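Asks: Just so it is clear, I am handing over model.csv, which has CSV, C-alpha atoms.
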chain,number,residue,atom,x,y,z
A,1,MET,CA,-22.0,22.5,-3.0
A,2,THR,CA,-23.5,19.1,-2.9
A,3,THR,CA,-22.7,16.5,-0.3
A,4,ASP,CA,-20.4,14.6,-2.7
A,5,GLN,CA,-18.6,17.8,-3.6
A,6,ASN,CA,-18.1,18.6,0.1
A,7,ILE,CA,-16.8,15.2,0.8
A,8,ARG,CA,-14.4,15.3,-2.1
A,9,ALA,CA,-13.2,18.8,-1.1
A,10,LEU,CA,-12.6,17.5,2.5
A,11,MET,CA,-10.7,14.4,1.2
A,12,ASN,CA,-8.6,16.6,-1.1
A,13,ARG,CA,-7.8,19.1,1.7
A,14,LEU,CA,-6.8,16.2,4.0
A,15,ALA,CA,-4.6,14.7,1.3
A,16,ARG,CA,-2.9,18.0,0.8
A,17,LEU,CA,-2.3,18.4,4.6
A,18,ASP,CA,-1.0,14.9,4.8
A,19,SER,CA,1.3,15.5,1.8
A,20,ALA,CA,2.6,18.8,3.2
A,21,SER,CA,3.4,17.1,6.5
A,22,SER,CA,5.3,14.3,4.6
A,23,TRP,CA,8.1,16.7,3.7
A,24,ALA,CA,10.6,15.7,6.3
A,25,GLY,CA,14.3,15.6,6.3
A,26,ASP,CA,15.4,14.4,2.8
A,27,LEU,CA,12.1,12.8,1.9
A,28,ASN,CA,9.4,14.2,-0.4
A,29,PRO,CA,5.8,13.0,-0.1
A,30,VAL,CA,6.1,10.5,-3.0
A,31,GLN,CA,9.2,8.9,-1.4
A,32,ARG,CA,7.4,8.7,1.9
A,33,ALA,CA,4.4,7.1,0.3
A,34,ALA,CA,6.6,4.5,-1.5
A,35,LEU,CA,8.3,3.7,1.8
A,36,GLU,CA,4.9,3.3,3.5
A,37,TYR,CA,3.7,1.0,0.7
A,38,LEU,CA,6.8,-1.1,1.0
A,39,ARG,CA,6.4,-1.4,4.7
A,40,ASP,CA,2.8,-2.6,4.3
A,41,ALA,CA,3.2,-4.8,1.2
A,42,ASN,CA,3.9,-8.5,1.2
A,43,ARG,CA,6.9,-10.2,-0.4
A,44,PHE,CA,5.0,-10.7,-3.7
A,45,SER,CA,4.0,-7.1,-4.1
A,46,ARG,CA,7.2,-5.0,-3.9
A,47,SER,CA,8.3,-4.6,-7.5
A,48,PRO,CA,8.6,-1.1,-9.0
A,49,SER,CA,5.5,-1.7,-11.2
A,50,HIS,CA,3.4,-2.8,-8.1
A,51,VAL,CA,4.4,0.3,-6.2
A,52,ALA,CA,3.7,2.5,-9.2
A,53,GLU,CA,0.2,0.9,-9.7
A,54,PHE,CA,-0.7,1.2,-6.0
A,55,LEU,CA,0.3,4.9,-5.9
A,56,GLY,CA,-1.2,5.7,-9.3
A,57,THR,CA,2.0,6.9,-11.0
A,58,THR,CA,4.1,5.8,-13.9
A,59,ARG,CA,6.7,3.0,-13.7
A,60,GLY,CA,9.4,5.4,-14.8
A,61,THR,CA,8.6,7.9,-12.1
A,62,MET,CA,8.5,5.1,-9.5
A,63,SER,CA,11.7,3.6,-10.7
A,64,GLN,CA,13.4,7.0,-10.2
A,65,THR,CA,11.8,7.3,-6.8
A,66,LEU,CA,13.0,3.9,-5.7
A,67,LYS,CA,16.5,4.6,-7.0
A,68,ALA,CA,16.6,7.8,-4.9
A,69,LEU,CA,15.5,5.9,-1.9
A,70,LEU,CA,18.2,3.3,-2.5
A,71,ARG,CA,20.9,6.0,-2.8
A,72,LYS,CA,19.6,7.5,0.5
A,73,GLY,CA,19.8,4.1,2.2
A,74,TYR,CA,16.1,3.8,2.9
A,75,VAL,CA,15.5,0.7,0.8
A,76,GLU,CA,17.4,-2.4,-0.4
A,77,GLU,CA,17.2,-4.2,-3.7
A,78,VAL,CA,16.0,-7.8,-3.5
A,79,ARG,CA,16.8,-10.0,-6.5
A,80,SER,CA,14.4,-12.9,-7.3
A,81,ASP,CA,15.8,-16.4,-6.8
A,82,SER,CA,14.1,-17.6,-9.9
A,83,ASP,CA,14.8,-14.6,-12.2
A,84,LYS,CA,17.9,-12.6,-11.4
A,85,ARG,CA,16.6,-9.8,-13.6
A,86,SER,CA,13.6,-9.3,-11.4
A,87,ILE,CA,14.0,-6.7,-8.7
A,88,SER,CA,11.9,-5.9,-5.7
A,89,TYR,CA,12.5,-3.6,-2.8
A,90,ALA,CA,12.5,-3.9,1.0
A,91,LEU,CA,12.8,-1.3,3.7
A,92,SER,CA,16.2,-1.0,5.3
A,93,ASN,CA,16.6,-0.3,9.0
A,94,ALA,CA,16.9,3.4,8.1
A,95,GLY,CA,13.7,3.2,6.1
A,96,GLN,CA,11.9,1.7,9.0
A,97,ALA,CA,13.2,4.3,11.4
A,98,VAL,CA,12.2,7.3,9.2
A,99,LEU,CA,8.6,6.1,9.0
A,100,GLY,CA,8.2,6.4,12.8
A,101,ASP,CA,7.2,10.1,12.4
A,102,ASP,CA,3.5,10.5,12.0
A,103,GLY,CA,2.0,13.4,10.1
A,104,VAL,CA,-0.8,15.7,11.3
A,105,VAL,CA,-3.5,13.7,9.6
A,106,ALA,CA,-2.3,10.4,11.2
A,107,VAL,CA,-2.3,12.1,14.6
A,108,ALA,CA,-5.8,13.5,14.0
A,109,LEU,CA,-7.1,10.1,12.8
A,110,ALA,CA,-5.8,8.4,15.9
A,111,LYS,CA,-8.0,10.7,18.0
A,112,LEU,CA,-11.1,9.6,16.0
A,113,THR,CA,-12.6,6.6,17.8
A,114,GLY,CA,-15.7,4.5,18.0
A,115,PRO,CA,-18.6,4.8,15.6
A,116,ALA,CA,-17.2,7.9,13.9
A,117,ALA,CA,-14.0,6.1,13.0
A,118,ASP,CA,-15.9,2.9,11.9
A,119,ALA,CA,-18.2,5.0,9.7
A,120,LEU,CA,-15.4,7.0,8.1
A,121,GLU,CA,-13.4,3.8,7.4
A,122,SER,CA,-16.4,2.1,5.9
A,123,GLY,CA,-17.3,5.0,3.7
A,124,LEU,CA,-13.8,5.6,2.5
A,125,ARG,CA,-13.3,1.9,1.8
A,126,GLU,CA,-16.5,1.7,-0.3
A,127,THR,CA,-15.6,4.9,-2.2
A,128,LEU,CA,-12.2,3.5,-2.9
A,129,ARG,CA,-13.7,0.2,-4.1
A,130,GLN,CA,-16.0,2.0,-6.5
A,131,ALA,CA,-13.3,4.3,-7.8
A,132,LEU,CA,-11.0,1.3,-8.4
A,133,ALA,CA,-13.8,-0.5,-10.3
A,134,LEU,CA,-14.5,2.5,-12.4
A,135,ASN,CA,-10.8,2.9,-13.2
A,136,GLY,CA,-10.3,-0.9,-13.8
A,137,ALA,CA,-7.6,-0.9,-11.2
A,138,LYS,CA,-6.5,-3.6,-8.7
A,139,THR,CA,-7.7,-3.6,-5.1
A,140,PHE,CA,-4.4,-4.2,-3.4
A,141,GLY,CA,-6.1,-5.4,-0.3
A,142,GLN,CA,-4.9,-7.2,2.8
A,143,CYS,CA,-4.3,-10.9,2.3
A,144,ARG,CA,-6.9,-11.9,4.9
A,145,SER,CA,-9.7,-10.2,3.0
A,146,CYS,CA,-8.8,-11.9,-0.3
A,147,ARG,CA,-10.9,-14.6,-1.9
A,148,PHE,CA,-7.7,-16.7,-2.2
A,149,HIS,CA,-6.9,-16.6,1.6
A,150,GLN,CA,-7.5,-19.9,3.3
A,151,THR,CA,-6.7,-21.2,6.8
A,152,LYS,CA,-5.7,-24.7,7.4
A,153,GLY,CA,-5.6,-25.3,11.1
A,154,ASP,CA,-3.5,-22.5,12.5
A,155,THR,CA,-1.8,-21.9,9.2
A,156,ALA,CA,-2.7,-19.3,6.6
A,157,PHE,CA,-2.4,-20.3,3.0
A,158,CYS,CA,-2.6,-18.5,-0.4
A,159,GLN,CA,-4.7,-20.7,-2.6
A,160,LEU,CA,-3.7,-18.7,-5.7
A,161,LEU,CA,0.0,-19.0,-5.2
A,162,SER,CA,-0.2,-22.4,-3.4
A,163,LEU,CA,2.0,-21.1,-0.6
A,164,PRO,CA,1.8,-21.0,3.2
A,165,LEU,CA,1.8,-17.5,4.7
A,166,ALA,CA,3.4,-16.3,7.9
A,167,PRO,CA,0.9,-14.8,10.4
A,168,SER,CA,2.2,-11.3,9.7
A,169,GLU,CA,1.7,-11.7,5.9
A,170,THR,CA,-2.1,-12.0,6.3
A,171,MET,CA,-2.2,-8.3,7.4
A,172,GLN,CA,0.0,-7.1,4.4
A,173,ILE,CA,-1.1,-5.6,1.1
A,174,CYS,CA,-1.0,-8.0,-1.9
A,175,VAL,CA,-1.0,-7.2,-5.6
A,176,GLU,CA,-2.9,-10.4,-6.3
A,177,HIS,CA,-5.7,-9.5,-4.0
A,178,GLN,CA,-9.2,-10.1,-5.1
A,179,ASP,CA,-12.0,-8.9,-2.8
A,180,ARG,CA,-14.3,-11.6,-1.5
A,181,GLN,CA,-17.3,-9.3,-1.9
A,182,THR,CA,-16.7,-8.8,-5.7
A,183,ALA,CA,-15.4,-12.2,-6.6
Could you write out this file's structure as structure tokens?
Replies:
Amino acid sequence: MTTDQNIRALMNRLARLDSASSWAGDLNPVQRAALEYLRDANRFSRSPSHVAEFLGTTRGTMSQTLKALLRKGYVEEVRSDSDKRSISYALSNAGQAVLGDDGVVAVALAKLTGPAADALESGLRETLRQALALNGAKTFGQCRSCRFHQTKGDTAFCQLLSLPLAPSETMQICVEHQDRQTA
């Protein structure tokens, strides 16, 4: 096998191990992935279509996944103040609690430190950037790495939405994200 084939095989194997360790209690891997996304996404990026796009699934599948999580008490519906038909989701206390369990891949990655961890993150980030570009998909990056992220004194500000951001929001995933490097 070539190097790129070996890397892809390793990534796939790790993904399968991570998915297998995501079966816990009454959650399947897709439900866990949706909860993890909702935990990490900002207030503008929690609609069913955003979750579906980030996870690379259909809106219908994600809608059913979110409804199941709602029935199980892991998420709560949030209606838009401006459009009552618009629904987004937020983690409930039970949803936050169930995400406390790390899978085997998370534990293994926590043991990887220094230059090896930095090189792996950098390589995977670049691979993801290229795959998203080839697929015409959104980046869904952290606010602080977006071309629209501004700081005014001690306050973070989204230039695109013309809104101030709480400090915690600058670390969250945003559907409107546009990478500074490709802008």
Asks: Can you work out the spacing between atom CA of A:Tyr89 and atom CA of A:Ser22 in Å, to one decimal?
Replies: 20.7 Å
Asks: Kindly assemble as a Markdown table a list of the stretch 1-48 of chain A residues that lie within 10 Å of stretch 58-80 of chain A, each paired with its nearest atom pair and their distance in Å to one decimal, using all atoms listed in the file, sorted first by chain and then by ascending residue number.
Replies:
| residue | atom | partner | partner_atom | distance |
| --- | --- | --- | --- | --- |
| A:Asp26 | CA | A:Lys72 | CA | 8.4 |
| A:Leu27 | CA | A:Leu69 | CA | 8.6 |
| A:Asn28 | CA | A:Thr65 | CA | 9.7 |
| A:Val30 | CA | A:Thr65 | CA | 7.6 |
| A:Gln31 | CA | A:Thr65 | CA | 6.2 |
| A:Arg32 | CA | A:Leu69 | CA | 9.4 |
| A:Ala34 | CA | A:Leu66 | CA | 7.7 |
| A:Leu35 | CA | A:Val75 | CA | 7.9 |
| A:Leu38 | CA | A:Val75 | CA | 8.9 |
| A:Arg43 | CA | A:Val78 | CA | 9.9 |
| A:Arg46 | CA | A:Val78 | CA | 9.2 |
| A:Ser47 | CA | A:Val78 | CA | 9.2 |
| A:Pro48 | CA | A:Ser63 | CA | 5.9 |
Asks: Output the selection as a PDB file, keeping the file's coordinate frame - C-alpha atoms for each residue.
Replies:
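Below you can see again15.pdb, which holds the result:
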ATOM      1  CA  ASP A  26      15.400  14.400   2.800  1.00  0.00           C
ATOM      2  CA  LEU A  27      12.100  12.800   1.900  1.00  0.00           C
ATOM      3  CA  ASN A  28       9.400  14.200  -0.400  1.00  0.00           C
ATOM      4  CA  VAL A  30       6.100  10.500  -3.000  1.00  0.00           C
ATOM      5  CA  GLN A  31       9.200   8.900  -1.400  1.00  0.00           C
ATOM      6  CA  ARG A  32       7.400   8.700   1.900  1.00  0.00           C
ATOM      7  CA  ALA A  34       6.600   4.500  -1.500  1.00  0.00           C
ATOM      8  CA  LEU A  35       8.300   3.700   1.800  1.00  0.00           C
ATOM      9  CA  LEU A  38       6.800  -1.100   1.000  1.00  0.00           C
ATOM     10  CA  ARG A  43       6.900 -10.200  -0.400  1.00  0.00           C
ATOM     11  CA  ARG A  46       7.200  -5.000  -3.900  1.00  0.00           C
ATOM     12  CA  SER A  47       8.300  -4.600  -7.500  1.00  0.00           C
ATOM     13  CA  PRO A  48       8.600  -1.100  -9.000  1.00  0.00           C
TER      14      PRO A  48
END
Asks: Quick one: residues within 6 Å of stretch 138-147 of chain A, only C-alpha atoms counted, chain neighbours fewer than 6 positions away excluded, as a PDB file with C-alpha atoms, keeping the file's coordinate frame?
Replies:
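Result went into selection-v5.pdb, see below:
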ATOM      1  CA  THR A 170      -2.100 -12.000   6.300  1.00  0.00           C
ATOM      2  CA  MET A 171      -2.200  -8.300   7.400  1.00  0.00           C
ATOM      3  CA  GLN A 172       0.000  -7.100   4.400  1.00  0.00           C
ATOM      4  CA  ILE A 173      -1.100  -5.600   1.100  1.00  0.00           C
ATOM      5  CA  CYS A 174      -1.000  -8.000  -1.900  1.00  0.00           C
ATOM      6  CA  VAL A 175      -1.000  -7.200  -5.600  1.00  0.00           C
ATOM      7  CA  HIS A 177      -5.700  -9.500  -4.000  1.00  0.00           C
ATOM      8  CA  GLN A 178      -9.200 -10.100  -5.100  1.00  0.00           C
ATOM      9  CA  ASP A 179     -12.000  -8.900  -2.800  1.00  0.00           C
ATOM     10  CA  ARG A 180     -14.300 -11.600  -1.500  1.00  0.00           C
TER      11      ARG A 180
END
Asks: For atom CA of A:Ile7 and atom CA of A:Leu124, determine how far apart the two atoms are, in Å to one decimal place.
Replies: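 Distance between the two atoms: 10.2 Å.
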Asks: Select, from A:Ala20, A:Ser49, A:Gln150, A:Ala41, the residue with the minimum atom-to-atom distance to A:Leu165, counting all atoms listed in the file.
Replies: A:Gln150
Asks: Please determine, counting only C-alpha atoms, which residue among A:Leu91, A:Gly103, A:Val98, A:Ala117 has the shortest atom-to-atom distance to A:Gly25.
Replies: A:Val98
Asks: One number please: atom CA of A:Ala90 to atom CA of A:Ala131, in Å, one decimal.
Replies: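 If I compute the distance from atom CA of A:Ala90 to atom CA of A:Ala131, I get 28.5 Å.
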Asks: My list of candidates is A:Arg8, A:Arg39, A:His149, A:Lys111. Which is closest to A:Asn93 when distances are computed with only C-alpha atoms?
Replies: A:Arg39
Asks: Which residue gives the smallest distance to A:Asp40 among A:Cys158, A:Met1, A:Gln96, A:Ser21, with all atoms listed in the file counted?
Replies: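 Ranking A:Cys158, A:Met1, A:Gln96, A:Ser21 by distance to A:Asp40, first place goes to A:Gln96.
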Asks: Compare A:Ser92, A:Ser162, A:Ser122, A:Asn135 by their minimum atom-to-atom distance to A:Phe148, counting only C-alpha atoms, and give me the closest one.
Replies: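 Of all the options, A:Ser162 lies closest to A:Phe148.
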Asks: Using only C-alpha atoms, which of the listed residues (A:Ala156, A:Leu132, A:Glu36, A:Ala108) sits closest to A:Leu17?
Replies: A:Ala108
Asks: Any chance you could model N, CA and C atoms for stretch 132-166 of chain A and send them as a PDB file, in the frame of the given file?
Replies:
ATOM      1  N   LEU A 132     -11.844   2.325  -7.812  1.00  0.00           N
ATOM      2  CA  LEU A 132     -11.000   1.300  -8.400  1.00  0.00           C
ATOM      3  C   LEU A 132     -11.727   0.561  -9.526  1.00  0.00           C
ATOM      4  N   ALA A 133     -12.971   0.206  -9.258  1.00  0.00           N
ATOM      5  CA  ALA A 133     -13.800  -0.500 -10.300  1.00  0.00           C
ATOM      6  C   ALA A 133     -14.007   0.366 -11.484  1.00  0.00           C
ATOM      7  N   LEU A 134     -14.326   1.633 -11.280  1.00  0.00           N
ATOM      8  CA  LEU A 134     -14.500   2.500 -12.400  1.00  0.00           C
ATOM      9  C   LEU A 134     -13.275   2.735 -13.224  1.00  0.00           C
ATOM     10  N   ASN A 135     -12.135   2.663 -12.570  1.00  0.00           N
ATOM     11  CA  ASN A 135     -10.800   2.900 -13.200  1.00  0.00           C
ATOM     12  C   ASN A 135     -10.216   1.574 -13.725  1.00  0.00           C
ATOM     13  N   GLY A 136     -10.834   0.441 -13.400  1.00  0.00           N
ATOM     14  CA  GLY A 136     -10.300  -0.900 -13.800  1.00  0.00           C
ATOM     15  C   GLY A 136      -8.988  -1.190 -13.109  1.00  0.00           C
ATOM     16  N   ALA A 137      -8.808  -0.695 -11.904  1.00  0.00           N
ATOM     17  CA  ALA A 137      -7.600  -0.900 -11.200  1.00  0.00           C
ATOM     18  C   ALA A 137      -7.699  -2.040 -10.159  1.00  0.00           C
ATOM     19  N   LYS A 138      -6.551  -2.548  -9.715  1.00  0.00           N
ATOM     20  CA  LYS A 138      -6.500  -3.600  -8.700  1.00  0.00           C
ATOM     21  C   LYS A 138      -6.854  -3.091  -7.341  1.00  0.00           C
ATOM     22  N   THR A 139      -7.332  -3.995  -6.484  1.00  0.00           N
ATOM     23  CA  THR A 139      -7.700  -3.600  -5.100  1.00  0.00           C
ATOM     24  C   THR A 139      -6.556  -3.449  -4.169  1.00  0.00           C
ATOM     25  N   PHE A 140      -5.496  -4.270  -4.322  1.00  0.00           N
ATOM     26  CA  PHE A 140      -4.400  -4.200  -3.400  1.00  0.00           C
ATOM     27  C   PHE A 140      -4.792  -4.306  -1.948  1.00  0.00           C
ATOM     28  N   GLY A 141      -5.664  -5.235  -1.620  1.00  0.00           N
ATOM     29  CA  GLY A 141      -6.100  -5.400  -0.300  1.00  0.00           C
ATOM     30  C   GLY A 141      -5.257  -6.231   0.608  1.00  0.00           C
ATOM     31  N   GLN A 142      -5.623  -6.308   1.868  1.00  0.00           N
ATOM     32  CA  GLN A 142      -4.900  -7.200   2.800  1.00  0.00           C
ATOM     33  C   GLN A 142      -5.211  -8.630   2.480  1.00  0.00           C
ATOM     34  N   CYS A 143      -4.226  -9.456   2.621  1.00  0.00           N
ATOM     35  CA  CYS A 143      -4.300 -10.900   2.300  1.00  0.00           C
ATOM     36  C   CYS A 143      -5.568 -11.509   2.968  1.00  0.00           C
ATOM     37  N   ARG A 144      -5.790 -11.205   4.206  1.00  0.00           N
ATOM     38  CA  ARG A 144      -6.900 -11.900   4.900  1.00  0.00           C
ATOM     39  C   ARG A 144      -8.260 -11.573   4.395  1.00  0.00           C
ATOM     40  N   SER A 145      -8.394 -10.493   3.585  1.00  0.00           N
ATOM     41  CA  SER A 145      -9.700 -10.200   3.000  1.00  0.00           C
ATOM     42  C   SER A 145      -9.818 -10.647   1.554  1.00  0.00           C
ATOM     43  N   CYS A 146      -8.840 -11.430   1.100  1.00  0.00           N
ATOM     44  CA  CYS A 146      -8.800 -11.900  -0.300  1.00  0.00           C
ATOM     45  C   CYS A 146      -9.579 -13.198  -0.444  1.00  0.00           C
ATOM     46  N   ARG A 147     -10.145 -13.380  -1.605  1.00  0.00           N
ATOM     47  CA  ARG A 147     -10.900 -14.600  -1.900  1.00  0.00           C
ATOM     48  C   ARG A 147      -9.969 -15.844  -1.912  1.00  0.00           C
ATOM     49  N   PHE A 148      -8.672 -15.641  -2.117  1.00  0.00           N
ATOM     50  CA  PHE A 148      -7.700 -16.700  -2.200  1.00  0.00           C
ATOM     51  C   PHE A 148      -7.128 -17.104  -0.804  1.00  0.00           C
ATOM     52  N   HIS A 149      -7.423 -16.294   0.209  1.00  0.00           N
ATOM     53  CA  HIS A 149      -6.900 -16.600   1.600  1.00  0.00           C
ATOM     54  C   HIS A 149      -7.649 -17.722   2.186  1.00  0.00           C
ATOM     55  N   GLN A 150      -6.889 -18.693   2.625  1.00  0.00           N
ATOM     56  CA  GLN A 150      -7.500 -19.900   3.300  1.00  0.00           C
ATOM     57  C   GLN A 150      -6.752 -20.069   4.613  1.00  0.00           C
ATOM     58  N   THR A 151      -7.418 -20.730   5.530  1.00  0.00           N
ATOM     59  CA  THR A 151      -6.700 -21.200   6.800  1.00  0.00           C
ATOM     60  C   THR A 151      -6.861 -22.671   6.844  1.00  0.00           C
ATOM     61  N   LYS A 152      -5.757 -23.269   7.178  1.00  0.00           N
ATOM     62  CA  LYS A 152      -5.700 -24.700   7.400  1.00  0.00           C
ATOM     63  C   LYS A 152      -5.156 -24.938   8.771  1.00  0.00           C
ATOM     64  N   GLY A 153      -6.057 -25.175   9.690  1.00  0.00           N
ATOM     65  CA  GLY A 153      -5.600 -25.300  11.100  1.00  0.00           C
ATOM     66  C   GLY A 153      -5.215 -23.891  11.566  1.00  0.00           C
ATOM     67  N   ASP A 154      -3.993 -23.795  12.048  1.00  0.00           N
ATOM     68  CA  ASP A 154      -3.500 -22.500  12.500  1.00  0.00           C
ATOM     69  C   ASP A 154      -2.639 -21.814  11.426  1.00  0.00           C
ATOM     70  N   THR A 155      -2.597 -22.389  10.230  1.00  0.00           N
ATOM     71  CA  THR A 155      -1.800 -21.900   9.200  1.00  0.00           C
ATOM     72  C   THR A 155      -2.567 -21.150   8.110  1.00  0.00           C
ATOM     73  N   ALA A 156      -2.111 -19.979   7.723  1.00  0.00           N
ATOM     74  CA  ALA A 156      -2.700 -19.300   6.600  1.00  0.00           C
ATOM     75  C   ALA A 156      -2.094 -19.736   5.326  1.00  0.00           C
ATOM     76  N   PHE A 157      -2.894 -19.728   4.264  1.00  0.00           N
ATOM     77  CA  PHE A 157      -2.400 -20.300   3.000  1.00  0.00           C
ATOM     78  C   PHE A 157      -3.011 -19.451   1.857  1.00  0.00           C
ATOM     79  N   CYS A 158      -2.171 -19.165   0.844  1.00  0.00           N
ATOM     80  CA  CYS A 158      -2.600 -18.500  -0.400  1.00  0.00           C
ATOM     81  C   CYS A 158      -2.975 -19.536  -1.397  1.00  0.00           C
ATOM     82  N   GLN A 159      -4.252 -19.659  -1.692  1.00  0.00           N
ATOM     83  CA  GLN A 159      -4.700 -20.700  -2.600  1.00  0.00           C
ATOM     84  C   GLN A 159      -4.232 -20.318  -4.058  1.00  0.00           C
ATOM     85  N   LEU A 160      -4.138 -19.051  -4.414  1.00  0.00           N
ATOM     86  CA  LEU A 160      -3.700 -18.700  -5.700  1.00  0.00           C
ATOM     87  C   LEU A 160      -2.246 -19.044  -6.001  1.00  0.00           C
ATOM     88  N   LEU A 161      -1.384 -18.750  -5.036  1.00  0.00           N
ATOM     89  CA  LEU A 161       0.000 -19.000  -5.200  1.00  0.00           C
ATOM     90  C   LEU A 161       0.469 -20.380  -4.629  1.00  0.00           C
ATOM     91  N   SER A 162      -0.461 -21.070  -3.991  1.00  0.00           N
ATOM     92  CA  SER A 162      -0.200 -22.400  -3.400  1.00  0.00           C
ATOM     93  C   SER A 162       0.973 -22.313  -2.400  1.00  0.00           C
ATOM     94  N   LEU A 163       0.945 -21.295  -1.538  1.00  0.00           N
ATOM     95  CA  LEU A 163       2.000 -21.100  -0.600  1.00  0.00           C
ATOM     96  C   LEU A 163       1.467 -20.836   0.820  1.00  0.00           C
ATOM     97  N   PRO A 164       2.151 -21.383   1.852  1.00  0.00           N
ATOM     98  CA  PRO A 164       1.800 -21.000   3.200  1.00  0.00           C
ATOM     99  C   PRO A 164       2.202 -19.579   3.492  1.00  0.00           C
ATOM    100  N   LEU A 165       1.496 -18.929   4.382  1.00  0.00           N
ATOM    101  CA  LEU A 165       1.800 -17.500   4.700  1.00  0.00           C
ATOM    102  C   LEU A 165       2.100 -17.411   6.197  1.00  0.00           C
ATOM    103  N   ALA A 166       3.075 -16.573   6.492  1.00  0.00           N
ATOM    104  CA  ALA A 166       3.400 -16.300   7.900  1.00  0.00           C
ATOM    105  C   ALA A 166       2.230 -15.447   8.459  1.00  0.00           C
TER     106      ALA A 166
END
